[in-house]
Structures are given as structure tokens and as C-alpha cells.
$ cat entry.txt   # compact mmCIF, C-alpha atoms
# COMPACT_ATOMS: atom_id res chain seq x y z
CA MET Y 1180 5.72 -8.74 -18.34
CA HIS Y 1181 6.08 -5.00 -17.85
CA SER Y 1182 3.37 -2.47 -17.15
CA PRO Y 1183 3.55 0.87 -18.98
CA GLY Y 1184 4.91 3.81 -17.05
CA ALA Y 1185 6.79 1.84 -14.38
CA ALA Y 1186 9.46 4.15 -12.92
CA VAL Y 1187 11.63 1.29 -11.69
CA PRO Y 1188 11.63 -2.47 -12.30
CA VAL Y 1189 9.07 -4.19 -10.10
CA PRO Y 1190 9.61 -7.79 -8.94
CA GLU Y 1191 6.90 -10.23 -9.95
CA PRO Y 1192 6.37 -13.98 -9.66
CA PRO Y 1193 6.37 -15.92 -12.95
CA GLU Y 1194 2.83 -17.21 -12.42
CA SER Y 1195 -0.34 -15.16 -12.76
CA PHE Y 1196 -2.94 -15.20 -10.00
CA ASP Y 1197 -6.14 -13.36 -9.10
CA LEU Y 1198 -5.29 -11.87 -5.70
CA GLY Y 1199 -8.28 -11.66 -3.39
CA ALA Y 1200 -10.40 -14.05 -5.47
CA SER Y 1201 -9.84 -17.09 -3.26
CA GLU Y 1202 -8.44 -18.05 0.13
CA GLU Y 1203 -5.26 -19.23 -1.60
CA THR Y 1204 -4.25 -15.57 -1.55
CA LEU Y 1205 -2.75 -15.83 1.94
CA ALA Y 1206 -0.59 -18.85 1.04
CA LYS Y 1207 0.55 -17.23 -2.21
CA ILE Y 1208 1.61 -13.99 -0.51
CA ARG Y 1209 3.37 -15.96 2.22
CA ASP Y 1210 5.44 -17.75 -0.44
CA TRP Y 1211 6.16 -14.62 -2.47
CA LEU Y 1212 7.13 -12.08 0.20
CA PRO Y 1213 10.53 -13.63 1.10
CA VAL Y 1214 11.39 -13.90 -2.61
CA TYR Y 1215 10.08 -10.65 -4.08
CA GLY Y 1216 10.23 -8.27 -1.11
CA ASP Y 1217 7.93 -5.62 0.30
CA PHE Y 1218 6.63 -4.31 -3.02
CA PHE Y 1219 5.84 -6.59 -5.94
CA ARG Y 1220 3.15 -7.11 -8.53
CA VAL Y 1221 1.12 -10.05 -9.75
CA TYR Y 1222 -0.67 -10.31 -13.08
CA SER Y 1223 -4.39 -10.98 -12.70
CA PRO Y 1224 -5.70 -13.07 -15.63
CA ARG Y 1225 -9.34 -12.40 -14.76
CA ARG Y 1226 -8.95 -8.63 -14.43
CA ARG Y 1227 -6.18 -8.48 -17.09
CA VAL Y 1228 -4.16 -6.02 -15.06
CA TYR Y 1229 -1.36 -6.04 -12.52
CA SER Y 1230 -2.14 -5.96 -8.81
CA TYR Y 1231 0.44 -4.70 -6.33
CA VAL Y 1232 1.25 -6.18 -2.93
CA VAL Y 1233 2.50 -3.57 -0.44
CA ASN Y 1234 4.26 -4.59 2.77
CA ASP Y 1235 6.32 -1.43 3.36
CA PRO Y 1236 5.03 0.81 6.20
CA GLU Y 1237 5.85 4.07 4.41
CA ALA Y 1238 3.92 2.96 1.33
CA VAL Y 1239 1.09 1.80 3.58
CA LYS Y 1240 1.05 5.25 5.15
CA ARG Y 1241 0.70 6.88 1.74
CA VAL Y 1242 -2.17 4.63 0.63
CA LEU Y 1243 -4.18 4.77 3.85
CA LEU Y 1244 -3.37 8.24 5.16
CA THR Y 1245 -1.35 10.87 3.32
CA ASN Y 1246 -2.88 10.23 -0.12
CA HIS Y 1247 -5.99 8.33 0.96
CA ARG Y 1248 -8.31 10.40 -1.25
CA ASN Y 1249 -6.70 8.78 -4.27
CA TYR Y 1250 -7.49 5.26 -3.04
CA VAL Y 1251 -10.98 3.80 -2.85
CA LYS Y 1252 -12.21 0.38 -1.79
CA GLY Y 1253 -10.86 -2.28 -4.11
CA VAL Y 1254 -11.22 -5.98 -4.89
CA GLY Y 1255 -13.92 -7.73 -2.88
CA THR Y 1256 -16.08 -4.66 -2.29
CA ASP Y 1257 -18.77 -5.86 -4.71
CA GLN Y 1258 -18.97 -9.19 -2.91
CA ILE Y 1259 -19.33 -7.48 0.48
CA SER Y 1260 -21.91 -5.08 -0.98
CA ILE Y 1261 -24.15 -8.02 -1.86
CA LEU Y 1262 -24.15 -8.86 1.84
CA LEU Y 1263 -24.12 -5.42 3.50
CA GLY Y 1264 -25.51 -3.08 0.86
CA ARG Y 1265 -24.00 0.38 0.44
CA GLY Y 1266 -23.19 1.03 4.07
CA ILE Y 1267 -20.13 2.67 5.54
CA MET Y 1268 -17.95 -0.41 4.88
CA THR Y 1269 -18.55 -0.49 1.13
CA SER Y 1270 -19.36 3.07 0.06
CA SER Y 1271 -16.76 5.54 -1.18
CA GLY Y 1272 -16.25 9.17 -2.09
CA ASP Y 1273 -18.86 11.71 -1.04
CA ASP Y 1274 -21.33 8.99 -0.03
CA TRP Y 1275 -18.84 7.49 2.40
CA GLN Y 1276 -17.81 10.86 3.84
CA ARG Y 1277 -21.45 11.77 4.47
CA GLN Y 1278 -22.23 8.44 6.17
CA ARG Y 1279 -19.08 8.61 8.26
CA ARG Y 1280 -19.91 12.13 9.47
CA MET Y 1281 -23.40 11.07 10.41
CA LEU Y 1282 -22.42 7.88 12.24
CA GLN Y 1283 -19.28 9.12 14.01
CA PRO Y 1284 -21.14 10.68 16.99
CA ALA Y 1285 -22.69 7.29 17.79
CA PHE Y 1286 -19.18 5.94 18.46
CA HIS Y 1287 -18.07 8.79 20.70
CA ARG Y 1288 -16.37 7.63 23.90
CA ARG Y 1289 -19.18 9.09 26.01
CA VAL Y 1290 -21.72 7.00 24.11
CA LEU Y 1291 -19.64 3.83 24.32
CA SER Y 1292 -19.16 4.31 28.06
CA GLY Y 1293 -22.93 4.25 28.40
CA PHE Y 1294 -22.99 0.70 27.03
CA GLY Y 1295 -20.48 -0.53 29.63
CA GLY Y 1296 -23.12 -1.78 32.05
CA ALA Y 1297 -24.88 -3.84 29.40
CA ILE Y 1298 -21.59 -5.28 28.12
CA ALA Y 1299 -20.53 -6.29 31.64
CA GLN Y 1300 -23.97 -7.70 32.49
CA THR Y 1301 -24.06 -9.81 29.34
CA ASN Y 1302 -20.65 -11.26 30.15
CA GLU Y 1303 -21.78 -12.06 33.69
CA GLU Y 1304 -24.78 -13.93 32.28
CA TYR Y 1305 -22.54 -15.91 29.96
CA ALA Y 1306 -20.13 -16.63 32.80
CA SER Y 1307 -22.96 -18.58 34.44
CA ARG Y 1308 -23.30 -20.64 31.27
CA TRP Y 1309 -19.57 -21.27 31.20
CA ASP Y 1310 -19.74 -22.35 34.83
CA ALA Y 1311 -22.41 -24.92 33.94
CA VAL Y 1312 -20.19 -26.30 31.16
CA ALA Y 1313 -17.29 -26.56 33.62
CA ARG Y 1314 -19.44 -28.42 36.17
CA HIS Y 1315 -20.50 -30.95 33.54
CA GLY Y 1316 -16.86 -31.67 32.68
CA VAL Y 1317 -17.29 -31.23 28.95
CA PRO Y 1318 -15.28 -29.00 26.62
CA LEU Y 1319 -16.45 -25.48 25.88
CA ASN Y 1320 -17.03 -24.63 22.23
CA VAL Y 1321 -15.18 -21.32 22.36
CA THR Y 1322 -16.01 -20.36 18.79
CA GLU Y 1323 -19.72 -20.79 19.38
CA ALA Y 1324 -19.60 -19.15 22.82
CA ALA Y 1325 -17.71 -16.08 21.55
CA SER Y 1326 -20.00 -15.75 18.55
CA GLU Y 1327 -23.19 -15.97 20.61
CA LEU Y 1328 -21.88 -13.55 23.24
CA THR Y 1329 -20.73 -10.85 20.83
CA LEU Y 1330 -23.92 -11.06 18.81
CA ASP Y 1331 -25.97 -10.69 21.99
CA ILE Y 1332 -23.97 -7.63 23.06
CA ASN Y 1333 -24.17 -6.02 19.63
CA LEU Y 1334 -27.90 -6.58 19.25
CA ARG Y 1335 -28.56 -5.08 22.69
CA ALA Y 1336 -26.44 -2.05 21.80
CA ILE Y 1337 -28.06 -1.62 18.39
CA PHE Y 1338 -31.72 -2.30 19.12
CA GLY Y 1339 -32.10 -1.72 22.87
CA ASP Y 1340 -35.67 -2.41 24.03
CA ASP Y 1341 -36.73 -3.32 20.49
CA LEU Y 1342 -34.81 -6.58 20.82
CA ALA Y 1343 -37.53 -7.93 23.11
CA LEU Y 1344 -40.14 -6.69 20.64
CA ILE Y 1345 -38.34 -8.49 17.79
CA ARG Y 1346 -38.35 -11.77 19.70
CA GLU Y 1347 -42.01 -11.34 20.64
CA ARG Y 1348 -43.02 -10.39 17.10
CA PHE Y 1349 -41.18 -13.23 15.36
CA GLY Y 1350 -41.07 -15.86 18.10
CA ALA Y 1351 -37.26 -15.95 17.95
CA ASN Y 1352 -34.33 -13.78 17.06
CA PRO Y 1353 -34.17 -13.55 13.25
CA PHE Y 1354 -30.69 -12.02 13.47
CA SER Y 1355 -29.33 -15.22 15.02
CA ILE Y 1356 -28.40 -16.47 11.55
CA VAL Y 1357 -25.31 -14.29 11.86
CA HIS Y 1358 -24.24 -16.67 14.62
CA THR Y 1359 -25.70 -19.97 13.41
CA GLU Y 1360 -24.84 -19.79 9.69
CA ALA Y 1361 -21.11 -20.26 9.10
CA ASP Y 1362 -20.95 -19.91 5.31
CA ARG Y 1363 -20.87 -16.41 3.84
CA ASP Y 1364 -22.31 -17.34 0.45
CA LEU Y 1365 -25.13 -15.99 -1.72
CA ARG Y 1366 -27.70 -17.92 0.29
CA PHE Y 1367 -26.54 -16.24 3.48
CA ALA Y 1368 -26.50 -12.84 1.75
CA TYR Y 1369 -30.10 -13.35 0.60
CA ARG Y 1370 -31.23 -14.24 4.11
CA ILE Y 1371 -29.43 -11.25 5.61
CA ARG Y 1372 -30.86 -8.85 3.04
CA SER Y 1373 -34.35 -10.25 3.71
CA LEU Y 1374 -34.01 -8.89 7.27
CA GLY Y 1375 -34.51 -5.49 5.70
CA THR Y 1376 -38.27 -6.08 5.93
CA ILE Y 1377 -38.01 -6.40 9.70
CA LEU Y 1378 -35.78 -3.33 9.94
CA GLN Y 1379 -38.22 -1.31 7.84
CA GLU Y 1380 -41.01 -2.26 10.24
CA LEU Y 1381 -38.89 -1.09 13.18
CA ILE Y 1382 -38.02 2.16 11.39
CA ASP Y 1383 -41.68 2.87 10.70
CA ARG Y 1384 -42.57 2.11 14.30
CA ARG Y 1385 -39.92 4.45 15.68
CA ARG Y 1386 -40.79 7.23 13.26
CA ALA Y 1387 -44.43 6.92 14.28
CA ASN Y 1388 -43.54 7.16 17.99
CA PRO Y 1389 -40.89 9.88 18.20
CA GLN Y 1390 -41.74 10.51 21.85
CA GLU Y 1391 -40.29 7.11 22.80
CA LYS Y 1392 -36.67 8.20 23.01
CA ARG Y 1393 -34.12 5.43 23.33
CA VAL Y 1394 -30.38 5.30 23.81
CA ASP Y 1395 -29.11 2.77 21.27
CA PHE Y 1396 -27.28 2.78 17.95
CA PHE Y 1397 -30.57 2.43 16.04
CA GLU Y 1398 -31.95 5.65 17.53
CA MET Y 1399 -28.71 7.55 17.01
CA ALA Y 1400 -28.57 6.50 13.36
CA LEU Y 1401 -32.24 7.34 12.92
CA GLU Y 1402 -31.72 10.86 14.25
CA ALA Y 1403 -28.30 11.48 12.71
CA GLU Y 1404 -28.10 14.57 10.52
CA ASP Y 1405 -25.56 15.66 7.96
CA LYS Y 1406 -24.12 18.84 9.49
CA GLU Y 1407 -23.56 20.31 6.04
CA THR Y 1408 -27.07 19.74 4.62
CA GLY Y 1409 -29.25 18.95 7.63
CA GLU Y 1410 -30.47 15.82 5.83
CA ARG Y 1411 -31.04 12.47 7.51
CA MET Y 1412 -30.46 9.00 6.13
CA SER Y 1413 -33.02 7.50 3.80
CA ASP Y 1414 -34.66 4.29 4.97
CA ARG Y 1415 -32.53 2.32 2.50
CA GLN Y 1416 -29.32 3.85 3.86
CA LEU Y 1417 -30.43 3.26 7.43
CA ILE Y 1418 -31.17 -0.40 6.72
CA ASP Y 1419 -27.75 -0.88 5.10
CA GLU Y 1420 -25.99 0.71 8.08
CA LEU Y 1421 -27.93 -1.39 10.59
CA ILE Y 1422 -27.13 -4.59 8.73
CA THR Y 1423 -23.47 -3.53 8.60
CA LEU Y 1424 -23.48 -2.95 12.37
CA VAL Y 1425 -25.05 -6.36 13.01
CA VAL Y 1426 -22.84 -8.43 10.72
CA ALA Y 1427 -19.47 -6.67 10.61
CA GLY Y 1428 -19.58 -5.58 14.24
CA HIS Y 1429 -20.20 -9.13 15.34
CA GLU Y 1430 -17.94 -11.25 13.17
CA THR Y 1431 -14.63 -9.48 13.69
CA THR Y 1432 -14.98 -9.27 17.48
CA ALA Y 1433 -16.14 -12.89 17.78
CA SER Y 1434 -13.19 -14.07 15.70
CA ALA Y 1435 -10.76 -11.93 17.70
CA LEU Y 1436 -12.00 -13.39 21.00
CA THR Y 1437 -11.74 -16.94 19.67
CA TRP Y 1438 -8.15 -16.36 18.56
CA THR Y 1439 -7.30 -14.75 21.91
CA TRP Y 1440 -8.45 -17.81 23.85
CA TYR Y 1441 -6.63 -20.07 21.42
CA LEU Y 1442 -3.37 -18.19 22.06
CA LEU Y 1443 -3.92 -18.01 25.83
CA GLY Y 1444 -4.60 -21.74 25.91
CA ARG Y 1445 -1.25 -22.43 24.27
CA HIS Y 1446 0.58 -20.03 26.55
CA PRO Y 1447 -0.71 -20.89 30.05
CA GLU Y 1448 1.86 -18.69 31.78
CA ILE Y 1449 0.43 -15.63 30.01
CA GLN Y 1450 -3.11 -16.74 30.81
CA GLU Y 1451 -2.14 -16.96 34.49
CA GLU Y 1452 -0.56 -13.51 34.39
CA LEU Y 1453 -3.73 -12.15 32.81
CA ALA Y 1454 -5.91 -13.76 35.47
CA ALA Y 1455 -3.73 -12.45 38.29
CA SER Y 1456 -3.91 -8.93 36.89
CA THR Y 1457 -7.71 -8.93 37.07
CA LEU Y 1458 -7.57 -9.22 40.88
CA GLY Y 1459 -6.35 -5.64 41.05
CA LEU Y 1460 -9.24 -4.31 38.98
CA PRO Y 1461 -12.20 -2.60 40.65
CA ALA Y 1462 -15.74 -3.74 39.95
CA LEU Y 1463 -16.56 -3.55 36.25
CA SER Y 1464 -19.63 -1.49 37.07
CA THR Y 1465 -17.28 1.31 38.15
CA LEU Y 1466 -14.30 0.53 35.91
CA GLY Y 1467 -15.82 1.50 32.56
CA LEU Y 1468 -14.14 2.20 29.24
CA GLU Y 1469 -11.35 4.40 30.57
CA GLY Y 1470 -10.51 2.00 33.37
CA LEU Y 1471 -10.28 -0.97 31.02
CA GLU Y 1472 -8.08 1.02 28.65
CA GLY Y 1473 -5.73 1.47 31.59
CA TRP Y 1474 -5.60 -2.28 32.26
CA ALA Y 1475 -2.09 -2.79 30.90
CA VAL Y 1476 -1.90 -6.60 30.87
CA GLY Y 1477 -5.34 -7.00 29.30
CA GLN Y 1478 -4.70 -4.40 26.62
CA GLN Y 1479 -1.34 -5.92 25.74
CA VAL Y 1480 -2.89 -9.39 25.39
CA ILE Y 1481 -5.60 -8.00 23.11
CA LYS Y 1482 -3.12 -6.10 20.95
CA GLU Y 1483 -0.79 -9.08 20.58
CA SER Y 1484 -3.69 -11.35 19.67
CA LEU Y 1485 -4.80 -8.87 17.02
CA ARG Y 1486 -1.22 -8.65 15.78
CA LEU Y 1487 -0.97 -12.38 15.11
CA CYS Y 1488 -4.58 -12.97 14.11
CA PRO Y 1489 -6.17 -9.81 12.69
CA PRO Y 1490 -9.71 -10.74 11.56
CA GLY Y 1491 -9.50 -8.13 8.80
CA TRP Y 1492 -6.36 -9.68 7.37
CA MET Y 1493 -6.44 -7.99 3.95
CA ILE Y 1494 -7.10 -4.39 2.86
CA ALA Y 1495 -7.79 -3.80 -0.83
CA ARG Y 1496 -7.58 -0.36 -2.42
CA ARG Y 1497 -7.81 0.95 -5.99
CA THR Y 1498 -6.22 4.11 -7.36
CA VAL Y 1499 -8.54 6.86 -8.56
CA ALA Y 1500 -5.83 8.77 -10.42
CA PRO Y 1501 -2.22 7.84 -11.24
CA ASP Y 1502 0.17 7.82 -8.28
CA VAL Y 1503 3.79 7.05 -7.48
CA LEU Y 1504 4.11 4.43 -4.75
CA HIS Y 1505 7.40 2.99 -3.52
CA GLY Y 1506 9.04 4.76 -6.46
CA VAL Y 1507 6.75 3.03 -8.95
CA ALA Y 1508 4.25 4.81 -11.22
CA LEU Y 1509 0.78 3.33 -10.83
CA ALA Y 1510 -1.94 3.98 -13.38
CA ALA Y 1511 -5.50 4.87 -12.42
CA ALA Y 1512 -7.68 1.88 -11.49
CA THR Y 1513 -4.69 -0.12 -10.18
CA ASP Y 1514 -5.43 -2.58 -7.37
CA VAL Y 1515 -3.23 -2.41 -4.27
CA PHE Y 1516 -3.27 -5.04 -1.53
CA ILE Y 1517 -2.10 -4.40 2.03
CA SER Y 1518 -2.16 -7.26 4.52
CA PRO Y 1519 -2.11 -6.50 8.25
CA TYR Y 1520 -1.43 -10.23 8.74
CA PHE Y 1521 1.95 -9.99 6.99
CA LEU Y 1522 2.75 -6.44 8.04
CA HIS Y 1523 2.34 -7.60 11.66
CA ARG Y 1524 4.91 -10.33 10.99
CA HIS Y 1525 7.46 -8.20 9.16
CA PRO Y 1526 10.85 -9.50 10.43
CA ALA Y 1527 12.45 -6.05 10.09
CA HIS Y 1528 9.97 -4.61 12.60
CA TRP Y 1529 9.08 -7.54 14.86
CA GLN Y 1530 11.59 -9.73 16.63
CA ASP Y 1531 10.68 -13.43 16.50
CA PRO Y 1532 7.38 -12.38 14.85
CA GLU Y 1533 5.55 -15.72 15.16
CA ARG Y 1534 5.90 -15.76 18.95
CA PHE Y 1535 2.95 -14.71 21.14
CA ASP Y 1536 4.45 -12.01 23.37
CA PRO Y 1537 2.10 -9.33 24.78
CA SER Y 1538 5.08 -7.42 26.24
CA ARG Y 1539 5.70 -6.15 22.68
CA PHE Y 1540 3.01 -3.61 23.51
CA ALA Y 1541 4.61 -2.17 26.61
CA PRO Y 1542 4.69 1.64 26.16
CA ALA Y 1543 8.41 1.88 25.39
CA ALA Y 1544 8.27 -0.91 22.81
CA GLU Y 1545 5.24 0.62 21.10
CA ALA Y 1546 6.89 4.04 20.93
CA ALA Y 1547 9.98 2.58 19.28
CA ARG Y 1548 8.08 0.95 16.40
CA HIS Y 1549 7.02 2.42 13.10
CA ARG Y 1550 3.42 3.56 13.44
CA PHE Y 1551 2.30 1.74 10.30
CA VAL Y 1552 3.49 -1.80 11.02
CA TYR Y 1553 0.49 -2.44 13.28
CA ILE Y 1554 -2.93 -1.76 11.73
CA PRO Y 1555 -5.49 -4.37 12.90
CA PHE Y 1556 -8.33 -1.85 12.44
CA GLY Y 1557 -6.83 -0.11 9.44
CA VAL Y 1558 -5.56 3.44 9.77
CA GLY Y 1559 -6.37 6.91 8.53
CA PRO Y 1560 -9.84 8.31 7.80
CA ARG Y 1561 -11.22 4.88 6.85
CA HIS Y 1562 -10.02 3.08 9.96
CA CYS Y 1563 -12.69 0.90 11.56
CA ILE Y 1564 -15.31 3.13 13.19
CA GLY Y 1565 -16.03 0.40 15.76
CA GLU Y 1566 -12.44 -0.02 17.00
CA ALA Y 1567 -13.03 1.40 20.49
CA LEU Y 1568 -16.25 -0.60 20.93
CA ALA Y 1569 -14.59 -3.85 19.82
CA THR Y 1570 -11.65 -3.47 22.22
CA PHE Y 1571 -14.06 -2.41 25.00
CA GLU Y 1572 -16.03 -5.63 24.47
CA MET Y 1573 -12.88 -7.75 24.36
CA ALA Y 1574 -11.38 -6.20 27.49
CA THR Y 1575 -14.62 -6.60 29.44
CA HIS Y 1576 -14.91 -10.21 28.37
CA LEU Y 1577 -11.34 -11.08 29.37
CA ALA Y 1578 -11.69 -9.26 32.70
CA VAL Y 1579 -14.84 -11.23 33.56
CA MET Y 1580 -13.85 -14.66 32.27
CA SER Y 1581 -10.12 -14.90 32.94
CA ARG Y 1582 -10.57 -14.23 36.66
CA ARG Y 1583 -13.17 -17.01 36.89
CA PHE Y 1584 -11.97 -19.70 34.50
CA ARG Y 1585 -8.89 -21.44 33.21
CA LEU Y 1586 -9.09 -22.68 29.61
CA THR Y 1587 -6.77 -25.35 28.22
CA PRO Y 1588 -6.56 -26.87 24.74
CA VAL Y 1589 -8.43 -30.08 23.96
CA SER Y 1590 -5.97 -30.82 21.16
CA ASP Y 1591 -2.42 -29.80 20.28
CA GLU Y 1592 -3.14 -30.07 16.56
CA THR Y 1593 -2.43 -27.03 14.43
CA PRO Y 1594 -5.80 -25.57 13.46
CA ARG Y 1595 -6.92 -25.17 9.87
CA ILE Y 1596 -7.34 -21.56 8.80
CA GLU Y 1597 -9.94 -19.87 6.64
CA ALA Y 1598 -8.74 -16.61 5.09
CA ARG Y 1599 -11.57 -15.12 3.08
CA ILE Y 1600 -13.30 -11.92 4.14
CA ASN Y 1601 -12.08 -12.58 7.69
CA TYR Y 1602 -9.13 -14.53 9.07
CA ARG Y 1603 -10.70 -17.21 11.24
CA LEU Y 1604 -10.57 -20.86 12.25
CA ARG Y 1605 -12.11 -23.24 9.73
CA SER Y 1606 -13.44 -25.51 12.48
CA ASP Y 1607 -14.80 -24.65 15.92
CA LEU Y 1608 -12.30 -24.31 18.76
CA SER Y 1609 -13.03 -26.49 21.79
CA MET Y 1610 -11.21 -26.05 25.12
CA TRP Y 1611 -11.41 -27.60 28.57
CA ILE Y 1612 -12.73 -25.16 31.13
CA GLU Y 1613 -12.31 -25.21 34.89
CA PRO Y 1614 -13.26 -22.69 37.59
CA ARG Y 1615 -10.42 -20.91 39.36
$ encode --input "entry.txt" --output "C-alpha cells"
Amino acid sequence: MHSPGAAVPVPEPPESFDLGASEETLAKIRDWLPVYGDFFRVYSPRRRVYSYVVNDPEAVKRVLLTNHRNYVKGVGTDQISILLGRGIMTSSGDDWQRQRRMLQPAFHRRVLSGFGGAIAQTNEEYASRWDAVARHGVPLNVTEAASELTLDINLRAIFGDDLALIRERFGANPFSIVHTEADRDLRFAYRIRSLGTILQELIDRRRANPQEKRVDFFEMALEAEDKETGERMSDRQLIDELITLVVAGHETTASALTWTWYLLGRHPEIQEELAASTLGLPALSTLGLEGLEGWAVGQQVIKESLRLCPPGWMIARRTVAPDVLHGVALAAATDVFISPYFLHRHPAHWQDPERFDPSRFAPAAEAARHRFVYIPFGVGPRHCIGEALATFEMATHLAVMSRRFRLTPVSDETPRIEARINYRLRSDLSMWIEPR
């Protein structure tokens, strides 16, 4: 099989397969990379075109940065759109640029620093719950605990005082389905989209009471203006962005924290080093975003965890116009797949890549590596807008919990993986917990 216009022969497996259509994609790419190299193509019988797998950092740089305008969101975007609408994660072109410009100020470091107290306080509250679990001598469901914690933090940051109003109005937290419902199917999408009614009620209430100024993501999105036109978001756009913040902002961070504890549990010496390093930290109330970014051991643990287990394990792009990538001519509307999961394990750039070793992210080691072999949040203009907030949450959590508790595995069994929209554990992770 040969595609028209190919500048050089492109390796391809003999079988056809719809990349990105099922969780078999990870296993297929794992089998094919050692055989066909860093740039190969696979024929998609459903789409009746070739899709290209890119695992070369220079080609990744071209797709995500230097020629990013020629690459829009690809396979899987329609599925995510059913869940999140046309928010910043799924939109493209002028619509995306406008939404990104309007939302970017809400993720400024000064704004994120203002959420530090709430993030620390929430972790302290959950530390009391973890302490109760430890006293009862039962395992901690880390997956559930991380999910509940991150959802709580995100909802407080997004809705502020309205969170209490939501609970009072509906007798519970309707957004809790993000935490309690594991399947991301059409039923879940319907239930999430139905929350738009609640969000519309909150929008109307805030618009009717402009004197009640709040400091939360909701208010910043509500007041955001396009600097070029002076326009604000429509209610539909605002609802889509709020749902995106709730769902996407929660799931990736919760998964990352679960994987971090899994790795720390299997490397107790690193967990002990992490705990010891927290003793030199000042109070979190005074440490803040900048202080936690300077916490070398904690940051290295987070980065190494995201290297091995990036929640966003696959990036799909589609060419707008023809391009030449890795010496190969690609036609317009060609699907390109980049996997941080495999890029982070590239044996030419990572020594003993399957080993959990946070020291890989010591300053000298980072400086010596190619910039585009580590992209857990993507890279370029479309990199994750919530990167700084996610790492702030993770660092705060590890600083609070690792100094108080020691977590050890309940089982030595290799966990089963689910690689769909996110890379996560198929079953909940349970660990023994004991106070330090």
C-alpha cells in the first residue's frame, strides 16, 4: 500500500487498524514502534486513509510548534465534543484562538497564587480523613481519595461561594458525578451536558447581581473580553468552558496523583526521600506557588510520574494543508498521532526508560535532553492551559500528605491499564496507610 505523493518510502505494518478508535491503540503502537521506527503509517479501514505515528522529537516540534497552524485537533475530538461541547479543548482555528485569549488571564500566576490557601486548606481537611482511615487499619482507596480531593479543589476554584448555593439549591453536589461515575460513555455525556441548566441558572444569577464581585474562575470567565473585539462569551460558550474546567481539570490531575502514589508505593526509598524533604519546607500558607515550584524533590517526583504515566497519553492532529513531515509528503486532512507515553520512553533519549527515577529531572539532566521528548501537557500554543494549576495542586498535595503518611501497596500485582481518553488504572488503587 502506498499513498500518493510520498517523498520517501514509509514503513507500515501489514495489518490495517483504526488508530484512536479503541484502547487497543496503545498495545498496537507498543508492538509496532520497535519494528517500524519513529515514523510509520497505518491504514485505517474505517476512515479509508493512512494515519501516521510520530515518535521523533523534531517532527513533534514541527506539528505542535513551528507549523502548528497547519495542524488542528484530530481523531477523537468529536467524541470529546459530545462530552465537553465546543470549549477550549475541542475548538480550533479562530474560535480556539479567541477562547484562549479570553481565558488565559484566569490562569495567570498571580491568579493561581490566590488559590493557594484554598488548595492547602482542602488538603488539610482530607488529611484528617486519611488519618481516620489509618486509625481504623483499613486500606485507603487512593483512586477514590484523589478523585474526590481534586474535584473538591476544582469546584471551589471554579464556583467559589456559589458551591454552597449549589448544594443548598439541589440538596447535594450535582457535579459529583464526575467523581462517582467511572464510565465515559454517552450516558455520562448526557448527564454532564444536562448540568448546563444549573450553569445557566448561575450565569443568570451572577449577571443579575453584578455588584457581588467574586474571585473565582466562573467570574473571570464571565467578565472575560476579547481584546480585539471587546466581546464577551455567549452563555453557550461560557457553559462549555465551565464544563471543560470541571471535567478535564479534574480527571487528569486525579489520575496523575493516583499514579504518583502507585509509583511511590513501589519505590519506598523515594517516598522516604520525598517525606524527608518536606521537613525543610515552610508552612504552606506562606510557601505558595513559587515556593512549591522551588521544592526540587517534589517537582522531580511529579515530573517523573508524569513521564511514565501521562494522563493525556495520546495527541491527535490533522493537517489543514499539505505538509512535509520527517521527509514525507502528507496530504491535507491526514491524521497524525503523537504519544507522550511512548515519547517519554524513547530509548534514544531516556536511559533505562521504564525505571522510576526522579533524578532524571535534576537541572543538568533536563538541560541535556531534547526539549520535545517530554510533553505531558503538550507543547506550543495549544499546550494545556491548566498546567501550572495542576502541578500546583499536585505539589501541595504531596507536601501535605507525604510528611504525614506512609503509603504501601496492598498487592504486588501488575495493575490493569485503561488507555482511552486518559491513561489510567482500570481498577481502583488501594494502599495501606500509616501515620509517620
$ residues_near_point --input "entry.txt" --point "(-14.2, 2.6, 28.3)" --cutoff "10 Å" --atoms "all atoms listed in the file" --output "MDAnalysis selection string"
chainID Y and resid 1288:1295 1466:1473 1567:1568 1570:1572 1574:1575
$ atom_distance --input "entry.txt" --atom1 "CA of Pro1537 (chain Y)" --atom2 "CA of Asp1607 (chain Y)"
24.5 Å
$ atom_distance --input "entry.txt" --atom1 "CA of Ala1285 (chain Y)" --atom2 "CA of His1247 (chain Y)"
23.7 Å
$ residues_around --input "entry.txt" --residues "Leu1522 (chain Y)" --least-positions-apart "6" --cutoff "9 Å" --atoms "all atoms listed in the file" --output "list of chain:residue names"
Y:Val1233, Y:Asn1234, Y:Asp1235, Y:Pro1236, Y:Arg1486, Y:His1528, Y:Phe1551, Y:Val1552, Y:Tyr1553, Y:Ile1554
$ closest_residue --input "entry.txt" --among "Y:Arg1585, Y:Arg1366, Y:His1505, Y:Arg1595" --to "Phe1219 (chain Y)" --atoms "all atoms listed in the file"
Y:His1505
$ closest_residue --input "entry.txt" --among "Y:Ala1299, Y:Ile1345, Y:Ala1311, Y:Ile1564" --to "Ile1612 (chain Y)" --atoms "only C-alpha atoms"
Y:Ala1311
$ residues_around --input "entry.txt" --residues "Gln1300 (chain Y)" --least-positions-apart "5" --cutoff "10 Å" --atoms "only C-alpha atoms" --output "JSON, numbers by chain"
{"Y": [1295, 1305, 1306, 1332, 1463, 1464, 1575, 1579]}
$ closest_atom_pairs --input "entry.txt" --of "region 1415-1523 of chain Y" --to "region 1194-1212 of chain Y" --cutoff "12 Å" --atoms "only C-alpha atoms" --output "Markdown table"
| residue | atom | partner | partner_atom | distance |
| --- | --- | --- | --- | --- |
| Y:Trp1492 | CA | Y:Leu1205 | CA | 9.0 |
| Y:Met1493 | CA | Y:Gly1199 | CA | 8.4 |
| Y:Ile1494 | CA | Y:Gly1199 | CA | 9.7 |
| Y:Ala1495 | CA | Y:Gly1199 | CA | 8.3 |
| Y:Arg1496 | CA | Y:Gly1199 | CA | 11.4 |
| Y:Asp1514 | CA | Y:Leu1198 | CA | 9.4 |
| Y:Val1515 | CA | Y:Leu1198 | CA | 9.8 |
| Y:Phe1516 | CA | Y:Leu1198 | CA | 8.3 |
| Y:Ile1517 | CA | Y:Ile1208 | CA | 10.6 |
| Y:Ser1518 | CA | Y:Leu1205 | CA | 9.0 |
| Y:Pro1519 | CA | Y:Leu1205 | CA | 11.3 |
| Y:Tyr1520 | CA | Y:Leu1205 | CA | 8.9 |
| Y:Phe1521 | CA | Y:Arg1209 | CA | 7.8 |
| Y:Leu1522 | CA | Y:Leu1212 | CA | 10.6 |
$ atom_distance --input "entry.txt" --atom1 "CA of Arg1582 (chain Y)" --atom2 "CA of Arg1603 (chain Y)"
25.6 Å
$ residues_around --input "entry.txt" --residues "Val1426 (chain Y)" --least-positions-apart "3" --cutoff "10 Å" --atoms "only C-alpha atoms" --output "ChimeraX atom specification"
/Y:1262-1263,1330,1333,1354,1356-1358,1371,1421-1423,1429-1431
$ residues_around --input "entry.txt" --residues "Gly1375 (chain Y)" --least-positions-apart "3" --cutoff "10 Å" --atoms "all atoms listed in the file" --output "PyMOL selection string"
chain Y and resi 1370-1372+1378-1381+1414-1415+1417-1419+1421-1422
$ closest_residue --input "entry.txt" --among "Y:Phe1338, Y:Phe1535, Y:Tyr1229, Y:Phe1367" --to "Gln1450 (chain Y)" --atoms "only C-alpha atoms"
Y:Phe1535
